[in-house]
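Notes follow once the structure below has been shown.
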Amino acid sequence: MTFKTLHQKCACLADKVKNCVRQPYCPKQIAPLSDSCRSGRIKICKVTGDRKLCARMASLGVYPGEEVELICPENGSQCLLKLQGATLSLDSNTTKNILVTKA
């Protein structure tokens with residue numbers, strides 16, 4: 001399945017995946033999620049990495065501009081994110097590719 005076919009079938013998801021890396025959503029100071037040391041509300045600014053990671057995060061609901069709650073931060077290790085009624089556990093490689101700021 002090509003990106004064009006995906007865009008025709010599900011324009012909403014395809015647009016979010018395409019805009020995943022392009023648009024800056026946060027004018028404030030941003031840092032990787034792995035460097036966040038306090039729990040609380042954060043705003044996702046950008047998802048970096050390859051297309052596969054960006055598409056995976058989009059399918060989980062992790063979009064730029066989305067406000068989530070960081071539950072259990074530990075620098076450089078796994079962390080728990082609470083968003084849209086679900087709780088996600090992300091590994092350290094993934095958290096390095098998600099740029100966030102305080103909400």
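Residue names in the structure tokens use chain letters A, B, ... in the order shown, residue numbers from 1 in each chain, and ligand numbers from 1 in the order shown.
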Notebook entry, point to check: Contacts of Lys82 of chain A at 8 Å or less, counting only C-alpha atoms, minus same-chain residues fewer than 2 places along, as a PyMOL selection string?
Noted result: chain A and resi 68-71+80+84-88
Selection export as an mmCIF file, in the first residue's frame, atoms kept: N, CA and C atoms:
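Written file, again16.cif:
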```cif
data_model
loop_
_atom_site.group_PDB
_atom_site.id
_atom_site.type_symbol
_atom_site.label_atom_id
_atom_site.label_comp_id
_atom_site.auth_asym_id
_atom_site.auth_seq_id
_atom_site.Cartn_x
_atom_site.Cartn_y
_atom_site.Cartn_z
ATOM 1 N N VAL A 68 -0.778 15.473 27.146
ATOM 2 C CA VAL A 68 -0.829 14.176 27.818
ATOM 3 C C VAL A 68 -0.343 14.344 29.246
ATOM 4 N N GLU A 69 -0.555 13.310 30.042
ATOM 5 C CA GLU A 69 -0.081 13.334 31.416
ATOM 6 C C GLU A 69 1.048 12.335 31.568
ATOM 7 N N LEU A 70 2.178 12.806 32.049
ATOM 8 C CA LEU A 70 3.330 11.957 32.310
ATOM 9 C C LEU A 70 3.176 11.413 33.720
ATOM 10 N N ILE A 71 3.071 10.090 33.838
ATOM 11 C CA ILE A 71 2.771 9.483 35.135
ATOM 12 C C ILE A 71 4.024 9.112 35.905
ATOM 13 N N LEU A 80 5.496 6.193 31.523
ATOM 14 C CA LEU A 80 4.076 5.959 31.299
ATOM 15 C C LEU A 80 3.412 7.273 30.909
ATOM 16 N N GLN A 84 -6.079 10.260 26.377
ATOM 17 C CA GLN A 84 -7.366 9.831 25.840
ATOM 18 C C GLN A 84 -7.904 8.586 26.540
ATOM 19 N N GLY A 85 -7.753 8.508 27.851
ATOM 20 C CA GLY A 85 -8.296 7.394 28.619
ATOM 21 C C GLY A 85 -7.463 6.129 28.587
ATOM 22 N N ALA A 86 -6.316 6.157 27.940
ATOM 23 C CA ALA A 86 -5.444 4.983 27.861
ATOM 24 C C ALA A 86 -4.097 5.311 28.496
ATOM 25 N N THR A 87 -3.389 4.280 28.912
ATOM 26 C CA THR A 87 -2.059 4.443 29.470
ATOM 27 C C THR A 87 -1.068 3.714 28.580
ATOM 28 N N LEU A 88 -0.043 4.424 28.133
ATOM 29 C CA LEU A 88 0.974 3.858 27.253
ATOM 30 C C LEU A 88 2.288 3.740 28.002
#
```
Next item on the list: Pick out the residues sitting within 10 Å of Asp50 of chain A, and hand them over as JSON, numbers by chain; count only C-alpha atoms, and ignore anything fewer than 3 positions along from it in its own chain.
Entry: {"A": [21, 47, 53, 54, 55, 97]}
Store the residues picked out above in a file with N, CA and C atoms, as a tab-separated table (two decimals), in the first residue's frame.
```tsv
chain	number	residue	atom	x	y	z
A	21	VAL	N	6.36	15.42	11.54
A	21	VAL	CA	7.69	16.00	11.71
A	21	VAL	C	7.75	17.44	11.23
A	47	VAL	N	7.34	14.64	16.88
A	47	VAL	CA	7.76	13.25	16.90
A	47	VAL	C	8.80	13.10	15.80
A	53	LEU	N	8.25	4.81	12.91
A	53	LEU	CA	8.02	5.24	14.29
A	53	LEU	C	6.93	6.30	14.35
A	54	CYS	N	6.97	7.23	13.41
A	54	CYS	CA	5.97	8.29	13.38
A	54	CYS	C	4.57	7.72	13.16
A	55	ALA	N	4.45	6.77	12.26
A	55	ALA	CA	3.15	6.13	12.01
A	55	ALA	C	2.69	5.33	13.21
A	97	ASN	N	12.74	10.19	20.94
A	97	ASN	CA	12.25	10.75	19.68
A	97	ASN	C	10.98	11.57	19.84
```
Check: Between A:Ile98, A:Cys79, A:Cys72, A:Leu33, which has the minimum distance to Ala58 of chain A (counting only C-alpha atoms)?
Finding: A:Ile98
Notebook entry, point to check: Looking only at the backbone, which of the residues in segment 62-98 of chain A does DSSP tag as strand (DSSP E), as a ChimeraX atom specification?
Noted result: /A:67-70,79-83,86-90,98
How about saving the chosen residues, C-alpha atoms kept, as a tab-separated table (two decimals), in the first residue's frame?
```tsv
chain	number	residue	atom	x	y	z
A	67	GLU	CA	-1.58	17.29	25.78
A	68	VAL	CA	-0.83	14.18	27.82
A	69	GLU	CA	-0.08	13.33	31.42
A	70	LEU	CA	3.33	11.96	32.31
A	79	CYS	CA	7.85	6.11	31.09
A	80	LEU	CA	4.08	5.96	31.30
A	81	LEU	CA	1.86	8.38	29.39
A	82	LYS	CA	-1.84	8.81	30.01
A	83	LEU	CA	-3.79	10.11	27.03
A	86	ALA	CA	-5.44	4.98	27.86
A	87	THR	CA	-2.06	4.44	29.47
A	88	LEU	CA	0.97	3.86	27.25
A	89	SER	CA	4.33	2.47	28.32
A	90	LEU	CA	7.11	3.72	26.04
A	98	ILE	CA	9.29	12.56	21.29
```
Margin query: So that I can see what lies close to Lys96 of chain A, please list as a list in words the residues with an atom at most 7 Å from it, counting only C-alpha atoms and leaving out residues fewer than 4 positions away in the same chain.
Written below: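 Within the cut-off, the hits are Pro32, Leu33, Ser34 and Ser92 of chain A.
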Export of prior selection with C-alpha atoms as a PDB file, in the first residue's frame:
```pdb
ATOM      1  CA  PRO A  32      13.029  14.966  24.664  1.00  0.00           C
ATOM      2  CA  LEU A  33      10.496  13.057  26.737  1.00  0.00           C
ATOM      3  CA  SER A  34      13.345  10.952  28.127  1.00  0.00           C
ATOM      4  CA  SER A  92      13.746   4.668  26.164  1.00  0.00           C
TER       5      SER A  92
END
```
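Between atom CA of Arg41 of chain A and atom CA of Lys102 of chain A the separation is 6.7 Å.
Of note, atom CA of Tyr63 of chain A and atom CA of Lys46 of chain A are spaced 7.7 Å apart.
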Next item on the list: List every residue of segment 37-82 of chain A that DSSP, applied to the backbone, labels as alpha helix (DSSP H), and write the result as a ChimeraX atom specification.
Entry: /A:51-60
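In this structure, atom CA of Cys37 of chain A sits 20.2 Å away from atom CA of Gly65 of chain A.
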